[in-house]
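Asks: Just dropping this structure here.
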Amino acid sequence: MKVLICGGGVIGTSIAYFLSQRGVEVSVVERTGLANAASGKSGGFLALDWCDGSPLAPLARRSFDLHAELAAKLDSDWGYRRVETLSVVSSIHQDMSRYRRLDSPGWLGADSVVYRQLGTPDSTAQLHPADFTKAMMAAATDHGATLIEGCIDGLTFSPDGQSATGAIVDGTELTADAVVIAMGPWSILACQWLPLPATHGLKGHSLVFKYEPSPESLFVELEWKTGMMTQPEINPRPDGTTYVCGLSGDDPLPVDPAKVLPEPGASDTLREMTARISPELGASEILAEQACYRPATQDGLPLLGPVPGIAGAYIATGHNVWGMLNAPATGEAMAELIAGNGETTVDLRPFDPGRMDALAPDAVRA
Ligand SMILES: Cc1cc2nc3c(=O)[nH]c(=O)nc-3n(C[C@H](O)[C@H](O)[C@H](O)COP(=O)(O)OP(=O)(O)OC[C@H]3O[C@@H](n4cnc5c(N)ncnc54)[C@H](O)[C@@H]3O)c2cc1C
């Protein structure tokens, strides 16, 4: 069996890894470079039970366990570690020291206090997102998978239009028994070829500082000078860097992933916010100023499974803020669906791509 995966983000490479473990011939087609998008620019924060109470809970819990298993099993180091996770309140308008509830890491400024413990090493963890995404591809490659640099321009179909038979990559047809759309927010392009609901891209900015403080992940409620509350997230990493995100953007998604750029002034604002939370961190050298888009669906749940009415076509996208967390269980379940007996470790029915109104295939391709 030959499977073509469209998109080299964490979802595409995780599916490739689990398919390769089953001896499937798998190729990942990536336009701009592995992990160039959200999968290389996200926080990499993982939580066991933060999706509890939603249909994502079983996927998240299984994934959290798989992250630990993969870190123990594979040789590569992608900075996986269990961490404490703290809720911090910060204000530029008031003396926050009177709200101090818990010990604060020494690198936080006087205007920031730890308010609550959100997670312990039993329930929260971190990884370096680009390193993890690349490690999944490398481990898949060890089992025969290939990475193809190229742009998916469309899919190919059987003469009756009922089955996907491959994809068009830079104008050339590549045949396959199954095709998986895993292009994150760019999966919306597949609505031209398949009867699928839309995936939207939600833009966020981030900075990577050269600074290694104590390892806690911080979720900050910052009362900003505009009078608005913002929620920056801070993830120190064991490679001597600290990642900060929390400023959204308005630019629409460019079709070419290479054209995703920070918006004017965004990095300065994020640095200023960071300096309010921790003057020491905010004053450190910036190694990367970046932006990326989270893939989101209309009902907030991912699209995982077969494309309705088109044999051999699958989609795995729409993971929104939890794509790094939920990638391994997504990869496992999609591999079971495509190359197993149809039973999946995690029940994928809540994520059925057919659950939302979709156009008829003939209408889409007419
Ligand atoms: C600021 C920010 C912080 C985040 N923090 C966290 C976090 O802490 N924890 C967590 O779990 N999640 C987090 N996320 C969410 C997570 O990053 C995403 O859900 C996840 O990366 C999505 O992965 P993906 O593989 O679906 O998409 P992407 O990473 O977007 O990958 C899609 C790939 O498809 C490729 N592509 C596009 N068009 C084509 C084409 N025509 N042909 C071939 N290839 C193409 C792109 O180049 C890209 O590499 C965060 C997201 C953002 C934006």
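Each chain of the structure tokens is named A, B, ... in the order shown, its residues numbered from 1; ligands are numbered from 1 in display order.
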List the neighbours of Leu281 in chain A out to 10 Å using only C-alpha atoms; skip same-chain residues closer than 2 positions along the sequence, and give me the result as an NGL selection string.

Replies: :A and (107-109 or 209-213 or 242 or 244 or 271 or 274-279 or 283-286)

Asks: Take the residues from that selection and write them out as a PDB file, in the first residue's frame, keeping N, CA, C and O atoms.

Replies:
```pdb
ATOM      1  N   TRP A 107      12.991  35.118  38.274  1.00  0.00           N
ATOM      2  CA  TRP A 107      13.187  35.925  37.067  1.00  0.00           C
ATOM      3  C   TRP A 107      11.939  36.722  36.692  1.00  0.00           C
ATOM      4  O   TRP A 107      11.965  37.510  35.740  1.00  0.00           O
ATOM      5  N   LEU A 108      10.848  36.555  37.425  1.00  0.00           N
ATOM      6  CA  LEU A 108       9.662  37.377  37.160  1.00  0.00           C
ATOM      7  C   LEU A 108       9.843  38.758  37.781  1.00  0.00           C
ATOM      8  O   LEU A 108      10.477  38.898  38.830  1.00  0.00           O
ATOM      9  N   GLY A 109       9.239  39.787  37.163  1.00  0.00           N
ATOM     10  CA  GLY A 109       9.346  41.144  37.680  1.00  0.00           C
ATOM     11  C   GLY A 109       8.410  41.371  38.859  1.00  0.00           C
ATOM     12  O   GLY A 109       7.537  40.541  39.156  1.00  0.00           O
ATOM     13  N   PHE A 209      13.694  34.084  22.749  1.00  0.00           N
ATOM     14  CA  PHE A 209      14.779  34.813  23.413  1.00  0.00           C
ATOM     15  C   PHE A 209      15.929  33.869  23.731  1.00  0.00           C
ATOM     16  O   PHE A 209      15.712  32.678  24.004  1.00  0.00           O
ATOM     17  N   LYS A 210      17.152  34.428  23.759  1.00  0.00           N
ATOM     18  CA  LYS A 210      18.297  33.660  24.247  1.00  0.00           C
ATOM     19  C   LYS A 210      18.318  33.837  25.751  1.00  0.00           C
ATOM     20  O   LYS A 210      18.881  34.813  26.278  1.00  0.00           O
ATOM     21  N   TYR A 211      17.698  32.948  26.462  1.00  0.00           N
ATOM     22  CA  TYR A 211      17.550  33.100  27.918  1.00  0.00           C
ATOM     23  C   TYR A 211      17.035  31.773  28.466  1.00  0.00           C
ATOM     24  O   TYR A 211      16.067  31.213  27.941  1.00  0.00           O
ATOM     25  N   GLU A 212      17.681  31.243  29.468  1.00  0.00           N
ATOM     26  CA  GLU A 212      17.205  29.979  30.046  1.00  0.00           C
ATOM     27  C   GLU A 212      16.964  30.136  31.537  1.00  0.00           C
ATOM     28  O   GLU A 212      17.881  29.973  32.345  1.00  0.00           O
ATOM     29  N   PRO A 213      15.749  30.457  31.913  1.00  0.00           N
ATOM     30  CA  PRO A 213      15.428  30.575  33.323  1.00  0.00           C
ATOM     31  C   PRO A 213      15.034  29.214  33.891  1.00  0.00           C
ATOM     32  O   PRO A 213      15.245  28.179  33.246  1.00  0.00           O
ATOM     33  N   THR A 242      14.014  30.837  25.419  1.00  0.00           N
ATOM     34  CA  THR A 242      12.673  30.966  26.007  1.00  0.00           C
ATOM     35  C   THR A 242      11.724  31.479  24.936  1.00  0.00           C
ATOM     36  O   THR A 242      12.015  32.472  24.260  1.00  0.00           O
ATOM     37  N   VAL A 244       8.058  32.973  23.756  1.00  0.00           N
ATOM     38  CA  VAL A 244       6.920  33.758  24.242  1.00  0.00           C
ATOM     39  C   VAL A 244       5.940  33.979  23.094  1.00  0.00           C
ATOM     40  O   VAL A 244       6.343  34.402  21.999  1.00  0.00           O
ATOM     41  N   ARG A 271       7.696  42.115  22.768  1.00  0.00           N
ATOM     42  CA  ARG A 271       8.880  42.284  23.632  1.00  0.00           C
ATOM     43  C   ARG A 271       8.528  43.196  24.824  1.00  0.00           C
ATOM     44  O   ARG A 271       8.921  42.926  25.963  1.00  0.00           O
ATOM     45  N   THR A 274       6.597  41.270  27.279  1.00  0.00           N
ATOM     46  CA  THR A 274       7.490  40.330  27.958  1.00  0.00           C
ATOM     47  C   THR A 274       8.283  41.046  29.046  1.00  0.00           C
ATOM     48  O   THR A 274       8.436  40.537  30.164  1.00  0.00           O
ATOM     49  N   ALA A 275       8.773  42.252  28.716  1.00  0.00           N
ATOM     50  CA  ALA A 275       9.583  43.010  29.677  1.00  0.00           C
ATOM     51  C   ALA A 275       8.758  43.400  30.897  1.00  0.00           C
ATOM     52  O   ALA A 275       9.304  43.551  31.993  1.00  0.00           O
ATOM     53  N   ARG A 276       7.460  43.578  30.712  1.00  0.00           N
ATOM     54  CA  ARG A 276       6.585  43.887  31.840  1.00  0.00           C
ATOM     55  C   ARG A 276       6.481  42.688  32.780  1.00  0.00           C
ATOM     56  O   ARG A 276       6.419  42.827  33.994  1.00  0.00           O
ATOM     57  N   ILE A 277       6.446  41.521  32.187  1.00  0.00           N
ATOM     58  CA  ILE A 277       6.302  40.301  32.989  1.00  0.00           C
ATOM     59  C   ILE A 277       7.648  39.948  33.639  1.00  0.00           C
ATOM     60  O   ILE A 277       7.716  39.583  34.806  1.00  0.00           O
ATOM     61  N   SER A 278       8.708  40.052  32.838  1.00  0.00           N
ATOM     62  CA  SER A 278      10.052  39.757  33.335  1.00  0.00           C
ATOM     63  C   SER A 278      11.045  40.704  32.657  1.00  0.00           C
ATOM     64  O   SER A 278      11.423  40.480  31.500  1.00  0.00           O
ATOM     65  N   PRO A 279      11.472  41.767  33.336  1.00  0.00           N
ATOM     66  CA  PRO A 279      12.416  42.708  32.727  1.00  0.00           C
ATOM     67  C   PRO A 279      13.684  42.008  32.216  1.00  0.00           C
ATOM     68  O   PRO A 279      14.201  42.354  31.153  1.00  0.00           O
ATOM     69  N   ALA A 283      14.760  41.920  28.229  1.00  0.00           N
ATOM     70  CA  ALA A 283      15.987  42.624  27.814  1.00  0.00           C
ATOM     71  C   ALA A 283      16.973  41.686  27.120  1.00  0.00           C
ATOM     72  O   ALA A 283      18.026  42.116  26.649  1.00  0.00           O
ATOM     73  N   SER A 284      16.640  40.392  27.036  1.00  0.00           N
ATOM     74  CA  SER A 284      17.616  39.476  26.427  1.00  0.00           C
ATOM     75  C   SER A 284      17.561  39.511  24.907  1.00  0.00           C
ATOM     76  O   SER A 284      16.614  40.017  24.317  1.00  0.00           O
ATOM     77  N   GLU A 285      18.576  38.909  24.316  1.00  0.00           N
ATOM     78  CA  GLU A 285      18.698  38.883  22.851  1.00  0.00           C
ATOM     79  C   GLU A 285      17.537  38.094  22.232  1.00  0.00           C
ATOM     80  O   GLU A 285      17.177  37.016  22.729  1.00  0.00           O
ATOM     81  N   ILE A 286      16.976  38.645  21.159  1.00  0.00           N
ATOM     82  CA  ILE A 286      15.908  37.922  20.442  1.00  0.00           C
ATOM     83  C   ILE A 286      16.544  37.109  19.315  1.00  0.00           C
ATOM     84  O   ILE A 286      17.250  37.645  18.466  1.00  0.00           O
TER      85      ILE A 286
END
```

Asks: For Ala138 in chain A, please output as a short mmCIF file (atom, residue, chain, number, x, y, z; two decimals) with N, CA, C and O atoms, in the first residue's frame all residues within 9 Å (counting only C-alpha atoms; exclusion window: fewer than 4 positions along the same chain).

Replies:
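Saved result, result_26.cif, follows:
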```
data_model
loop_
_atom_site.label_atom_id
_atom_site.label_comp_id
_atom_site.auth_asym_id
_atom_site.auth_seq_id
_atom_site.Cartn_x
_atom_site.Cartn_y
_atom_site.Cartn_z
N THR A 13 3.76 14.49 9.62
CA THR A 13 4.92 13.64 9.95
C THR A 13 4.55 12.58 11.00
O THR A 13 5.10 11.48 10.99
N TYR A 17 4.97 8.66 10.56
CA TYR A 17 5.69 7.79 11.50
C TYR A 17 4.88 6.53 11.81
O TYR A 17 5.40 5.41 11.72
N SER A 76 16.33 10.43 19.14
CA SER A 76 16.47 11.89 19.01
C SER A 76 16.05 12.60 20.29
O SER A 76 15.22 12.10 21.05
N THR A 133 8.78 17.58 15.31
CA THR A 133 8.22 17.33 13.96
C THR A 133 9.28 16.66 13.07
O THR A 133 8.99 15.69 12.36
N LYS A 134 10.51 17.20 13.13
CA LYS A 134 11.58 16.63 12.30
C LYS A 134 11.96 15.22 12.77
O LYS A 134 12.28 14.35 11.96
N ASP A 142 13.57 6.26 8.69
CA ASP A 142 14.29 5.05 9.09
C ASP A 142 13.51 3.79 8.72
O ASP A 142 14.08 2.70 8.57
N HIS A 143 12.19 3.95 8.60
CA HIS A 143 11.34 2.80 8.21
C HIS A 143 10.88 2.93 6.77
O HIS A 143 9.83 2.39 6.40
N ALA A 145 10.10 5.70 4.82
CA ALA A 145 9.30 6.82 4.31
C ALA A 145 10.20 7.80 3.55
O ALA A 145 11.41 7.86 3.78
#
```

Asks: Go through A:Phe45, A:Tyr80, A:Tyr314, A:Trp224 and flag the residue nearest ligand 1, using only C-alpha atoms and all ligand atoms for the distances.

Replies: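 Going through A:Phe45, A:Tyr80, A:Tyr314, A:Trp224 one by one, the smallest distance to ligand 1 is for A:Phe45.
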
Asks: Please tabulate, as a tab-separated table, the residues of range 203-312 of chain A that come within 12 Å of range 336-344 of chain A, each with its closest pair of atoms and the distance in Å to one decimal, counting only C-alpha atoms and ordering rows by chain, then residue number upward.

Replies:
```
residue	atom	partner	partner_atom	distance
A:Leu304	CA	A:Leu337	CA	10.0
A:Gly305	CA	A:Leu337	CA	7.5
A:Pro306	CA	A:Leu337	CA	8.5
A:Val307	CA	A:Ile338	CA	12.0
A:Ala311	CA	A:Ile338	CA	10.9
A:Gly312	CA	A:Ile338	CA	8.4
```

Asks: May I have all residues of range 124-325 of chain A that DSSP, computed from the backbone, assigns to strand (DSSP E), given as an NGL selection string?

Replies: :A and (124-126 or 146-149 or 152-157 or 164-169 or 172-175 or 178-181 or 200-210 or 217-223 or 229-230 or 233-237 or 241-248 or 286-296 or 303-306 or 313-317)

Asks: What is the CA of Val220 in chain A-CA of Lys259 in chain A distance in Å, reported with one decimal?

Replies: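 Taking CA of Val220 in chain A and CA of Lys259 in chain A, their separation equals 29.7 Å.
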
Asks: CA of Ala266 in chain A and CA of Val10 in chain A, how far apart in Å?

Replies: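 Between CA of Val10 in chain A and CA of Ala266 in chain A the gap is 25.6 Å.
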
Asks: Find the spatial neighbours of range 63-72 of chain A, counting only C-alpha atoms, within a cut-off of 8 Å - ignore same-chain residues fewer than 5 positions away - and output them as a list in words.

Replies: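 Residues meeting the cut-off are Leu46, Ala47, Leu48, Asp77, Trp78, Tyr80, Leu325, Asn326, Ala327, Pro328, Ala329 and Thr330 of chain A.
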
Asks: For a quick check of understanding, using only C-alpha atoms and all ligand atoms, which of A:Thr241, A:Ser187, A:Thr345, A:Ser90 has the smallest distance to ligand 1?

Replies: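 Ranking A:Thr241, A:Ser187, A:Thr345, A:Ser90 by distance to ligand 1, first place goes to A:Ser187.
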
Asks: Counting only C-alpha atoms, what is within 9 Å of Thr230 in chain A, bar same-chain residues fewer than 2 positions away, as a VMD selection string?

Replies: chain A and resid 220 to 224 228 232 246 to 247

Asks: Can you pull out every residue within 9 Å of Val179 in chain A, counting only C-alpha atoms, but drop anything in the same chain fewer than 3 positions away, and send it as a ChimeraX atom specification?

Replies: /A:2-6,155,164-167,176,312-315

Asks: Give the alpha helix (DSSP H) residues of range 76-266 of chain A, as assigned by DSSP on the backbone, as a ChimeraX atom specification.

Replies: /A:129-142,266

Asks: Under the rule that only C-alpha atoms are counted, which of A:Cys245, A:Leu348, A:Ala35, A:Ala291 is the nearest residue to Glu263 in chain A?

Replies: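 Of A:Cys245, A:Leu348, A:Ala35, A:Ala291, the one nearest Glu263 in chain A is A:Ala291, counting only C-alpha atoms.
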
Asks: Point out the residue among A:Ala37, A:Leu218, A:Ala182, A:Val321 with the least atom-to-atom distance to Val83 in chain A, counting only C-alpha atoms.

Replies: A:Leu218

Asks: So how far away is CA of Leu118 in chain A from CA of Glu84 in chain A, in Å?

Replies: 7.8 Å
